[in-house]
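S.K.: Sharing a structure here in structure tokens format.
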Amino acid sequence: MIDGHPWSPVPLARGARGAVVAPHHLATAAGLHVLRAGGSAVDAAIATNAVLGVVVPNHCGLGGDAFWLIWDATESRQVALNGSGRSARAIDAATLRERGVTSMPRRGPLTITVPGAVRSWADAHKRFGRLTPAEVLAPAVELARDGFPAWGEFIDSVEATSELLAAQPGSGAGFAAVYRSHGRPWLPGERVRLAALADTLETLAREGFDAFYDGDLGERQARGLAGAGSPIGIEDLREHTSTWGEPISIDYRGVRVTTHAPNSSGVVALELLGLLERFEPPGPAAFGPEGVADARWIHLHLEAAKVAMADRDAYLTDPSAREVPVELLLDSDRLRDVATGIDLTRASAPRAASNPLGGGTVYMATVDRAGNAVSLIESNYLGFGSGVVDPETGIHYQNRGSYFSLDEDHPNVLEPRKRTMSTLLPGMLFRSDRAGPWIVIGSMGGDAQPQIHAQFVSAVVDGGLDIRTAIAAPRFYIEPADHFAPPTAVYLEPRHAAGVDATLRGLGHGLVPTAAFDANLGHEHAIELVAGGPAEPGGSLAAATDPRSEGLPAVW
């Protein structure tokens, strides 16, 4: 045992009719309940997401953003759904600079963008849902109304957020009223009841998901946001739309890796994999429960990540505002040329990041008995997001707008009705022998997300690992030590094979100590469709959740 966690194995659940994975066991239980009631993979994903918004509000909620990949078994095709929000129509970089704001704040009302997640629930449900919104939201309503047990990370996050907001007079009243109503820390296991949020969820259950924007609830939100100092108005809420699109992909040694197009960071993960493919990986023996035993391969990951993050800063934004050259970034010849510039013997000195760091996200995946699959990631951004909580509706709002730049030359400059670049990326893996997905996969983790994704793909493709071992194995990632610093801080879990850390230091990498199972290195979850999954006569499902989270896989 290390820090109360087993080395391996972590829970692996097998079933034949459906599966749900998420970072909290109450959420996977809700998703499984919906599947067993005849719901689709989309129904189960919404139910899971809604419960996470209740029991894991320190990572997600009704006021957050979402990105979807959906495998439609009936049409035998994959679609993408962009549920990220946009800035207010009444705000831009020049306006803020005139008000004396020199850079986007990390939290507060100016960082709120239109919450996009619930509109994406509506759009996905209209196209792929089977159950009613009331049936889908029933578990979340029950948990919000009757309460859920306070758990360690929730308690710690509430206290940390309270301290942050205390340093900003007048900004934390709503948060305190909803999440610290006793005026003291929650006790482990003490029941947390969120009555206003339960009322809001019941409104959505009764009137439909679009009521979040289009009904009286939208007007109440607009009043609450205005009172908090946010420029988001009723028109911004009512005019907000999700966007259906096609996934982007890359071939990694015969496995097709798909993800969401920009403004998602999916392209960052694909570029990283494209660079790694230019190098010969270590043999399967180098991959296992102790992570990657070959420090050279970790070094290549880190150096490729520096390149991909620099390209992210240079290009990634809302493609409806400025071109994002996805084809160029993933071009085979370009990747080959860039890979030749990676020094195998020494860590490079990257240029400073021009985007902020941090994260606070949930990932979930579902598969139903027909073989439909959902890869869904949803987020507040930094913990409880902006810190703005509306006591009347119980909704707390994301701070994705803090990613915008006030530099007019930056691709992600703040402009009206614009989506910001997002760290979020859902994933699916496909083998050439079947049309449907092989593995549905994703992780939270801010800047680490593309790196965690690439590590998983390398582990199952190069190392031949099963999903449970690949998820539990120790991880690493690189990011700036502070906002707008060069990405040189390497976080390496201490469970790696002996000598890996010393070799990386010898190559010039600065290592940062972490816990053995460190939640800051992501909550990654996966569902494998074994032999084609439930749609095939001999197929089944395997599901695993990250031991760094409170998740348990749920199958039937």
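FYI, nothing fancy with the structure tokens labels: chains A, B, ... in order, residues from 1 per chain, ligands from 1 as they appear.
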What parts of region 397-549 of chain A does DSSP call alpha helix (DSSP H)? I'd like the answer as a PyMOL selection string.

M.R.: chain A and resi 448-461+467-472+500-506

S.K.: Please list as a count of residues only every residue within 12 Å of Phe430 (chain A), counting only C-alpha atoms and excluding residues in the same chain fewer than 2 positions away.

M.R.: 32

S.K.: When distances are computed from only C-alpha atoms, which of A:Ala27, A:Ala519, A:Ala321, A:Leu552 shows the smallest separation from Glu415 (chain A)?

M.R.: A:Ala321

S.K.: Could you state the separation of CA of Pro11 (chain A) and CA of Leu52 (chain A) in Å, given to one decimal place?

M.R.: 19.9 Å

S.K.: Restrict the calculation to only C-alpha atoms, then for each residue of region 494-520 of chain A with any atom at most 10 Å from an atom of region 292-313 of chain A give the closest atom pair and their distance in Å to one decimal, rows by chain and rising residue number, as a tab-separated table.

M.R.:
```
residue	atom	partner	partner_atom	distance
A:His496	CA	A:Ala293	CA	7.0
A:Ala497	CA	A:Ala293	CA	5.5
A:Ala498	CA	A:Ala293	CA	8.0
A:Gly499	CA	A:Ala295	CA	8.3
A:Val500	CA	A:Ala295	CA	5.2
A:Asp501	CA	A:Ala295	CA	7.8
A:Ala502	CA	A:Ala295	CA	9.1
A:Thr503	CA	A:Ala295	CA	6.4
A:Leu504	CA	A:Ala295	CA	6.4
A:Leu507	CA	A:His299	CA	8.0
A:Gly508	CA	A:His299	CA	9.8
A:His509	CA	A:His299	CA	8.5
```

S.K.: Using N, CA and C atoms, can you export the residues from the last selection as a PDB file, in the first residue's frame?

M.R.:
```pdb
ATOM      1  N   HIS A 496       7.534   5.338 -10.127  1.00  0.00           N
ATOM      2  CA  HIS A 496       8.282   4.913 -11.312  1.00  0.00           C
ATOM      3  C   HIS A 496       9.425   3.964 -10.938  1.00  0.00           C
ATOM      4  N   ALA A 497       9.828   3.193 -11.922  1.00  0.00           N
ATOM      5  CA  ALA A 497      10.930   2.245 -11.725  1.00  0.00           C
ATOM      6  C   ALA A 497      12.174   2.974 -11.227  1.00  0.00           C
ATOM      7  N   ALA A 498      12.977   2.282 -10.447  1.00  0.00           N
ATOM      8  CA  ALA A 498      14.193   2.855  -9.867  1.00  0.00           C
ATOM      9  C   ALA A 498      15.104   3.403 -10.959  1.00  0.00           C
ATOM     10  N   GLY A 499      15.639   4.579 -10.708  1.00  0.00           N
ATOM     11  CA  GLY A 499      16.599   5.178 -11.629  1.00  0.00           C
ATOM     12  C   GLY A 499      16.005   6.117 -12.652  1.00  0.00           C
ATOM     13  N   VAL A 500      14.693   6.062 -12.861  1.00  0.00           N
ATOM     14  CA  VAL A 500      14.076   6.937 -13.856  1.00  0.00           C
ATOM     15  C   VAL A 500      14.245   8.399 -13.466  1.00  0.00           C
ATOM     16  N   ASP A 501      14.002   8.722 -12.200  1.00  0.00           N
ATOM     17  CA  ASP A 501      14.110  10.118 -11.772  1.00  0.00           C
ATOM     18  C   ASP A 501      15.536  10.635 -11.913  1.00  0.00           C
ATOM     19  N   ALA A 502      16.517   9.830 -11.532  1.00  0.00           N
ATOM     20  CA  ALA A 502      17.915  10.268 -11.631  1.00  0.00           C
ATOM     21  C   ALA A 502      18.313  10.495 -13.080  1.00  0.00           C
ATOM     22  N   THR A 503      17.869   9.635 -13.976  1.00  0.00           N
ATOM     23  CA  THR A 503      18.203   9.792 -15.392  1.00  0.00           C
ATOM     24  C   THR A 503      17.581  11.068 -15.950  1.00  0.00           C
ATOM     25  N   LEU A 504      16.344  11.350 -15.573  1.00  0.00           N
ATOM     26  CA  LEU A 504      15.700  12.561 -16.069  1.00  0.00           C
ATOM     27  C   LEU A 504      16.401  13.813 -15.542  1.00  0.00           C
ATOM     28  N   LEU A 507      19.358  14.450 -17.554  1.00  0.00           N
ATOM     29  CA  LEU A 507      19.058  15.028 -18.867  1.00  0.00           C
ATOM     30  C   LEU A 507      18.685  16.507 -18.768  1.00  0.00           C
ATOM     31  N   GLY A 508      18.629  17.012 -17.553  1.00  0.00           N
ATOM     32  CA  GLY A 508      18.375  18.438 -17.367  1.00  0.00           C
ATOM     33  C   GLY A 508      16.962  18.805 -16.982  1.00  0.00           C
ATOM     34  N   HIS A 509      16.133  17.829 -16.640  1.00  0.00           N
ATOM     35  CA  HIS A 509      14.751  18.114 -16.258  1.00  0.00           C
ATOM     36  C   HIS A 509      14.665  18.432 -14.767  1.00  0.00           C
TER      37      HIS A 509
END
```

S.K.: Between CA of Trp68 (chain A) and CA of Asp199 (chain A), what is the distance in Å, rounded to a tenth?

M.R.: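 Answer for the CA of Trp68 (chain A) to CA of Asp199 (chain A) separation: 26.4 Å.
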
S.K.: As a ChimeraX atom specification, please: all residues of region 78-111 of chain A that backbone DSSP puts in strand (DSSP E).

M.R.: /A:78-83

S.K.: Please save C-alpha atoms of the selected residues as a PDB file, in the first residue's frame.

M.R.:
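What follows is the written file selection-v8.pdb:
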```pdb
ATOM      1  CA  GLN A  78     -18.762   9.360 -34.783  1.00  0.00           C
ATOM      2  CA  VAL A  79     -19.828  12.967 -34.200  1.00  0.00           C
ATOM      3  CA  ALA A  80     -18.471  15.753 -32.025  1.00  0.00           C
ATOM      4  CA  LEU A  81     -20.467  18.264 -30.010  1.00  0.00           C
ATOM      5  CA  ASN A  82     -18.958  21.516 -28.757  1.00  0.00           C
ATOM      6  CA  GLY A  83     -20.676  22.590 -25.548  1.00  0.00           C
TER       7      GLY A  83
END
```

S.K.: Could you state the separation of CA of Gly64 (chain A) and CA of Tyr397 (chain A) in Å, given to one decimal place?

M.R.: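 Interatomic distance here is 6.3 Å.
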
S.K.: Find the residues near Ala531 (chain A): any atom within 8 Å, counting only C-alpha atoms, skip ones fewer than 6 places away on the same chain, and give them as a list in words.

M.R.: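 After dropping sequence-adjacent residues, the list is Gly538, Gly539 and Ser540 of chain A.
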
S.K.: What does the file look like for those residues with C-alpha atoms, as an mmCIF file, in the first residue's frame?

M.R.:
```cif
data_model
loop_
_atom_site.group_PDB
_atom_site.id
_atom_site.type_symbol
_atom_site.label_atom_id
_atom_site.label_comp_id
_atom_site.auth_asym_id
_atom_site.auth_seq_id
_atom_site.Cartn_x
_atom_site.Cartn_y
_atom_site.Cartn_z
ATOM 1 C CA GLY A 538 -19.406 -12.346 -28.414
ATOM 2 C CA GLY A 539 -18.553 -8.853 -27.227
ATOM 3 C CA SER A 540 -18.423 -7.378 -23.745
#
```
